[in-house]
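Undergrad: Take this structure, written in structure tokens, and hold onto it; I'll ask about it next.
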Amino acid sequence: LTAKDGKLKAGLKSAESRLSRFGGAVKLLQTKLNATSKWFASSAKGINTASSGLLSFGGKLLGISTIVGGALAYAVKQAISMGDALDKMSKRTGASVEWLSAMGYAAEQGGASIDNVTDAIKGMHETIAEAKVKGTGEGYEWLRQLGIGLQDLDDLTTEEKFEKIADSISKVEDHAIRTKAALGIFKGSAEKLLPVLPNIQKDKVEAKRLGLIVS
């Protein structure tokens, strides 16, 4: 009986040990399952946050695209309007659209405007026409003093005539005489173009470099 009792106790201890190890394994599994559950919960929260962020970004992107689209449409409208205005100026003055767009930039650099340029072209045409018909006139006298004869202008385009006269006027050292020559030939508000005249060629090159030439 004693022997049998000893074997029974040994068996019970072995079973108790195995049950203890099994309980430990169960606790470890439970711990890992809890950790996994927390990870999934955290991941779900992250996904929700990311989703909200993407939706917010999408809304902002849509807003930006709307603004850019509106700005682009406005720019296109302005470009068409400018092209139309230059085309009308070209028909009134006889100068090319390309040259007028470059002169618009040159005028702005000198504190003048494209309207001052077109007024000066109109005055120049009047001066040359009067000189050819009458052989006289204030503008004609100024052309002579600048060393420009009517024959020198005959085969030139409108822009070439303007630039030739502008170059001669800009070389006059005396400011008062330079102003009178400009007013005599170009008429109107030609004095506003005085700062522009010496830099026409440089500003035309710059306008082309900046992509401001309209065709």
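Please note that chains go A, B, ... in the order of the structure tokens, that every chain numbers its residues from 1, and that ligands are numbered from 1 in the order shown.
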Can you pull out every residue within 8 Å of Ala112 (chain A), counting only C-alpha atoms, but drop anything in the same chain fewer than 5 positions away, and send it as a PyMOL selection string?
TA: chain A and resi 107+192-193+196
Undergrad: Write a file of the selected residues as a PDB file, in the first residue's frame, keeping N, CA, C and O atoms.
TA:
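Saved file out.pdb follows:
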```pdb
ATOM      1  N   ALA A 107       8.193 100.582 -73.222  1.00  0.00           N
ATOM      2  CA  ALA A 107       7.541 101.786 -72.708  1.00  0.00           C
ATOM      3  C   ALA A 107       7.382 101.718 -71.195  1.00  0.00           C
ATOM      4  O   ALA A 107       7.641 102.688 -70.478  1.00  0.00           O
ATOM      5  N   LYS A 192       6.963 111.967 -72.899  1.00  0.00           N
ATOM      6  CA  LYS A 192       6.918 110.812 -71.986  1.00  0.00           C
ATOM      7  C   LYS A 192       7.769 109.654 -72.498  1.00  0.00           C
ATOM      8  O   LYS A 192       8.125 108.752 -71.737  1.00  0.00           O
ATOM      9  N   LEU A 193       8.077 109.682 -73.785  1.00  0.00           N
ATOM     10  CA  LEU A 193       8.874 108.606 -74.373  1.00  0.00           C
ATOM     11  C   LEU A 193      10.377 108.881 -74.317  1.00  0.00           C
ATOM     12  O   LEU A 193      11.173 107.999 -74.663  1.00  0.00           O
ATOM     13  N   VAL A 196      12.482 106.342 -72.836  1.00  0.00           N
ATOM     14  CA  VAL A 196      12.340 105.057 -73.533  1.00  0.00           C
ATOM     15  C   VAL A 196      13.249 104.972 -74.757  1.00  0.00           C
ATOM     16  O   VAL A 196      13.844 103.919 -75.033  1.00  0.00           O
TER      17      VAL A 196
END
```
Undergrad: Would you pick out the contacts of region 143-157 of chain A at 12 Å or less, using only C-alpha atoms, so that residues sharing its chain but fewer than 6 positions from it are not included, and give the list as a compact mmCIF listing (two decimals) with N, CA, C and O atoms, in the first residue's frame?
TA:
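And here is the file that came out, result.txt:
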```
# COMPACT_ATOMS: atom_id res chain seq x y z
N THR A 93 -1.85 101.66 -86.72
CA THR A 93 -0.54 102.29 -86.85
C THR A 93 0.30 101.79 -88.02
O THR A 93 1.20 102.49 -88.48
N GLY A 94 0.04 100.57 -88.47
CA GLY A 94 0.86 99.99 -89.53
C GLY A 94 2.06 99.23 -88.99
O GLY A 94 2.85 98.67 -89.76
N ALA A 95 2.23 99.22 -87.66
CA ALA A 95 3.33 98.47 -87.04
C ALA A 95 2.87 97.04 -86.75
O ALA A 95 1.68 96.79 -86.55
N SER A 96 3.81 96.11 -86.70
CA SER A 96 3.45 94.72 -86.47
C SER A 96 3.07 94.48 -85.00
O SER A 96 3.49 95.22 -84.11
N TRP A 99 6.18 93.77 -82.85
CA TRP A 99 6.93 94.98 -82.48
C TRP A 99 6.19 95.77 -81.42
O TRP A 99 6.81 96.26 -80.46
N ILE A 121 3.51 107.21 -83.01
CA ILE A 121 3.51 106.69 -84.39
C ILE A 121 2.53 107.49 -85.24
O ILE A 121 2.82 107.84 -86.40
N MET A 124 4.07 110.76 -86.02
CA MET A 124 5.13 110.57 -87.02
C MET A 124 4.55 110.46 -88.43
O MET A 124 5.06 111.07 -89.38
N HIS A 125 3.46 109.69 -88.57
CA HIS A 125 2.82 109.56 -89.88
C HIS A 125 2.33 110.92 -90.38
O HIS A 125 2.47 111.24 -91.57
N THR A 127 3.50 113.86 -89.55
CA THR A 127 4.68 114.68 -89.88
C THR A 127 5.21 114.33 -91.26
O THR A 127 5.49 115.22 -92.09
N ILE A 128 5.35 113.04 -91.53
CA ILE A 128 5.90 112.60 -92.82
C ILE A 128 4.94 112.94 -93.96
O ILE A 128 5.36 113.40 -95.04
N ALA A 129 3.64 112.73 -93.73
CA ALA A 129 2.64 113.04 -94.78
C ALA A 129 2.65 114.53 -95.10
O ALA A 129 2.62 114.92 -96.29
N GLU A 130 2.69 115.37 -94.06
CA GLU A 130 2.70 116.82 -94.27
C GLU A 130 3.97 117.25 -95.01
O GLU A 130 3.92 118.10 -95.92
N ALA A 131 5.08 116.64 -94.66
CA ALA A 131 6.35 116.98 -95.30
C ALA A 131 6.33 116.61 -96.78
O ALA A 131 6.83 117.34 -97.64
N LYS A 132 5.72 115.46 -97.10
CA LYS A 132 5.67 115.03 -98.50
C LYS A 132 4.73 115.89 -99.33
O LYS A 132 5.01 116.20 -100.49
N VAL A 133 3.61 116.29 -98.72
CA VAL A 133 2.61 117.07 -99.46
C VAL A 133 3.03 118.54 -99.58
O VAL A 133 2.96 119.13 -100.65
N GLY A 135 6.07 119.90 -98.25
CA GLY A 135 7.51 120.16 -98.29
C GLY A 135 7.95 121.07 -97.16
O GLY A 135 9.01 121.70 -97.26
N THR A 136 7.15 121.15 -96.12
CA THR A 136 7.46 122.03 -95.00
C THR A 136 6.76 121.51 -93.74
O THR A 136 6.18 120.44 -93.75
N GLY A 137 6.82 122.30 -92.68
CA GLY A 137 6.18 121.90 -91.42
C GLY A 137 7.22 121.78 -90.30
O GLY A 137 8.40 121.57 -90.56
N GLU A 163 12.07 103.74 -85.15
CA GLU A 163 13.34 103.48 -84.47
C GLU A 163 14.47 104.36 -85.01
O GLU A 163 15.33 104.80 -84.23
N LYS A 164 14.46 104.65 -86.30
CA LYS A 164 15.49 105.51 -86.88
C LYS A 164 15.39 106.93 -86.31
O LYS A 164 16.39 107.53 -85.91
N ILE A 165 14.16 107.44 -86.26
CA ILE A 165 13.94 108.78 -85.73
C ILE A 165 14.21 108.80 -84.22
O ILE A 165 14.85 109.73 -83.70
N ALA A 166 13.75 107.78 -83.52
CA ALA A 166 13.95 107.70 -82.07
C ALA A 166 15.44 107.67 -81.73
O ALA A 166 15.89 108.34 -80.78
N ASP A 167 16.20 106.91 -82.50
CA ASP A 167 17.65 106.83 -82.26
C ASP A 167 18.32 108.18 -82.46
O ASP A 167 19.18 108.58 -81.67
N SER A 168 17.91 108.92 -83.49
CA SER A 168 18.50 110.24 -83.77
C SER A 168 18.14 111.23 -82.66
O SER A 168 18.98 112.01 -82.22
N ILE A 169 16.89 111.20 -82.21
CA ILE A 169 16.47 112.11 -81.14
C ILE A 169 17.21 111.81 -79.84
O ILE A 169 17.64 112.72 -79.13
N SER A 170 17.38 110.53 -79.52
CA SER A 170 18.03 110.15 -78.26
C SER A 170 19.49 110.58 -78.21
O SER A 170 20.08 110.68 -77.11
N LYS A 171 20.09 110.84 -79.37
CA LYS A 171 21.49 111.25 -79.42
C LYS A 171 21.69 112.76 -79.26
O LYS A 171 22.82 113.23 -79.17
N VAL A 172 20.59 113.50 -79.24
CA VAL A 172 20.69 114.96 -79.03
C VAL A 172 21.03 115.18 -77.56
O VAL A 172 20.30 114.75 -76.66
N ILE A 177 16.28 120.73 -76.39
CA ILE A 177 16.20 120.52 -77.85
C ILE A 177 15.68 119.11 -78.14
O ILE A 177 14.88 118.91 -79.07
N ARG A 178 16.13 118.14 -77.36
CA ARG A 178 15.67 116.75 -77.53
C ARG A 178 14.16 116.67 -77.34
O ARG A 178 13.45 115.99 -78.10
N LYS A 180 11.94 119.17 -77.70
CA LYS A 180 11.26 119.87 -78.80
C LYS A 180 11.27 119.04 -80.08
O LYS A 180 10.29 119.03 -80.83
N ALA A 181 12.37 118.34 -80.32
CA ALA A 181 12.45 117.49 -81.51
C ALA A 181 11.43 116.35 -81.43
O ALA A 181 10.73 116.05 -82.41
N ALA A 182 11.33 115.75 -80.25
CA ALA A 182 10.37 114.65 -80.06
C ALA A 182 8.94 115.14 -80.24
O ALA A 182 8.12 114.51 -80.92
N LEU A 183 8.63 116.31 -79.65
CA LEU A 183 7.28 116.86 -79.78
C LEU A 183 7.00 117.31 -81.21
O LEU A 183 5.87 117.18 -81.70
N GLY A 184 8.02 117.83 -81.87
CA GLY A 184 7.83 118.32 -83.24
C GLY A 184 7.53 117.20 -84.22
O GLY A 184 6.73 117.37 -85.14
N ILE A 185 8.16 116.05 -84.00
CA ILE A 185 7.99 114.93 -84.94
C ILE A 185 6.90 113.95 -84.49
O ILE A 185 6.02 113.59 -85.28
N PHE A 186 6.97 113.57 -83.24
CA PHE A 186 6.01 112.57 -82.73
C PHE A 186 4.72 113.19 -82.19
O PHE A 186 3.72 112.49 -82.04
```
Undergrad: Just to confirm, what's the straight-line distance from CA of Tyr105 (chain A) to CA of Ala190 (chain A) in Å (one decimal)?
TA: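 Atom-to-atom, CA of Tyr105 (chain A) and CA of Ala190 (chain A) are spaced 16.8 Å apart.
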Undergrad: Have a look at CA of Ser113 (chain A) and CA of Thr158 (chain A) and let me know their distance in Å, one decimal.
TA: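 Between these atoms lies a distance of 18.3 Å.
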Undergrad: Based on DSSP run over this structure's backbone, return all residues of region 134-201 of chain A in helix (DSSP H, G or I), as a PDB file with C-alpha atoms, in the first residue's frame.
TA:
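To be explicit, this is the file written out as out-v5.pdb:
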```pdb
ATOM      1  CA  LYS A 134       3.757 120.538 -98.424  1.00  0.00           C
ATOM      2  CA  GLU A 138       7.685 121.889 -87.927  1.00  0.00           C
ATOM      3  CA  GLY A 139       8.223 118.141 -87.932  1.00  0.00           C
ATOM      4  CA  TYR A 140       9.878 118.289 -91.324  1.00  0.00           C
ATOM      5  CA  GLU A 141      12.318 120.953 -90.100  1.00  0.00           C
ATOM      6  CA  TRP A 142      13.231 118.799 -87.117  1.00  0.00           C
ATOM      7  CA  LEU A 143      13.842 115.808 -89.385  1.00  0.00           C
ATOM      8  CA  ARG A 144      16.218 117.933 -91.434  1.00  0.00           C
ATOM      9  CA  GLN A 145      18.061 119.107 -88.318  1.00  0.00           C
ATOM     10  CA  LEU A 150      12.290 111.896 -96.579  1.00  0.00           C
ATOM     11  CA  GLN A 151      14.088 109.634 -99.040  1.00  0.00           C
ATOM     12  CA  ASP A 152      15.770 107.959 -96.067  1.00  0.00           C
ATOM     13  CA  LEU A 153      12.358 106.876 -94.819  1.00  0.00           C
ATOM     14  CA  THR A 158       6.619 101.841 -89.761  1.00  0.00           C
ATOM     15  CA  GLU A 159       8.688 100.374 -86.931  1.00  0.00           C
ATOM     16  CA  GLU A 160      11.953 101.017 -88.786  1.00  0.00           C
ATOM     17  CA  LYS A 161      10.991 104.662 -89.348  1.00  0.00           C
ATOM     18  CA  PHE A 162      10.102 105.062 -85.678  1.00  0.00           C
ATOM     19  CA  GLU A 163      13.335 103.477 -84.469  1.00  0.00           C
ATOM     20  CA  LYS A 164      15.493 105.512 -86.878  1.00  0.00           C
ATOM     21  CA  ILE A 165      13.940 108.784 -85.727  1.00  0.00           C
ATOM     22  CA  ALA A 166      13.955 107.698 -82.070  1.00  0.00           C
ATOM     23  CA  ASP A 167      17.648 106.825 -82.260  1.00  0.00           C
ATOM     24  CA  SER A 168      18.496 110.239 -83.768  1.00  0.00           C
ATOM     25  CA  ILE A 169      16.465 112.110 -81.138  1.00  0.00           C
ATOM     26  CA  SER A 170      18.034 110.148 -78.265  1.00  0.00           C
ATOM     27  CA  HIS A 175      17.475 118.003 -73.103  1.00  0.00           C
ATOM     28  CA  ALA A 176      15.364 120.993 -74.162  1.00  0.00           C
ATOM     29  CA  ILE A 177      16.197 120.515 -77.852  1.00  0.00           C
ATOM     30  CA  ARG A 178      15.671 116.754 -77.530  1.00  0.00           C
ATOM     31  CA  THR A 179      12.216 117.387 -76.060  1.00  0.00           C
ATOM     32  CA  LYS A 180      11.260 119.871 -78.800  1.00  0.00           C
ATOM     33  CA  ALA A 181      12.449 117.494 -81.514  1.00  0.00           C
ATOM     34  CA  ALA A 182      10.367 114.654 -80.060  1.00  0.00           C
ATOM     35  CA  LEU A 183       7.277 116.862 -79.780  1.00  0.00           C
ATOM     36  CA  GLY A 184       7.833 118.318 -83.239  1.00  0.00           C
ATOM     37  CA  ILE A 185       7.989 114.932 -84.938  1.00  0.00           C
ATOM     38  CA  PHE A 186       6.013 112.574 -82.729  1.00  0.00           C
ATOM     39  CA  ALA A 190       6.047 112.458 -76.942  1.00  0.00           C
ATOM     40  CA  GLU A 191       8.055 113.838 -74.003  1.00  0.00           C
ATOM     41  CA  LYS A 192       6.918 110.812 -71.986  1.00  0.00           C
ATOM     42  CA  LEU A 193       8.874 108.606 -74.373  1.00  0.00           C
ATOM     43  CA  LEU A 197      14.055 106.090 -76.774  1.00  0.00           C
ATOM     44  CA  PRO A 198      17.703 105.318 -75.845  1.00  0.00           C
ATOM     45  CA  ASN A 199      16.878 101.784 -74.673  1.00  0.00           C
ATOM     46  CA  ILE A 200      14.522 100.484 -77.358  1.00  0.00           C
ATOM     47  CA  GLN A 201      16.875  97.844 -78.778  1.00  0.00           C
TER      48      GLN A 201
END
```
Undergrad: Enter the distance from CA of Lys122 (chain A) to CA of Arg209 (chain A), in Å, rounded to one decimal.
TA: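 About the pair CA of Lys122 (chain A) and CA of Arg209 (chain A): they are 28.3 Å apart.
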Undergrad: Name the residues in contact with Leu210 (chain A) at a cut-off of 12 Å, using only C-alpha atoms, excluding same-chain residues fewer than 5 positions from it; report them as a VMD selection string.
TA: chain A and resid 101 to 102 105 203 to 205
Undergrad: Dump C-alpha atoms for the selected residues as a compact mmCIF listing (two decimals), in the first residue's frame?
TA:
```txt
# COMPACT_ATOMS: atom_id res chain seq x y z
CA SER A 101 4.18 93.97 -77.87
CA ALA A 102 7.94 94.50 -77.45
CA TYR A 105 7.43 96.34 -72.49
CA ASP A 203 14.38 96.39 -74.09
CA LYS A 204 13.20 94.58 -77.23
CA VAL A 205 15.81 91.89 -76.66
```
Undergrad: Kindly indicate which residue among A:Asp115, A:Asp174, A:Glu126, A:Glu108 lies nearest to Ala85 (chain A), using only C-alpha atoms for the distances.
TA: A:Asp115
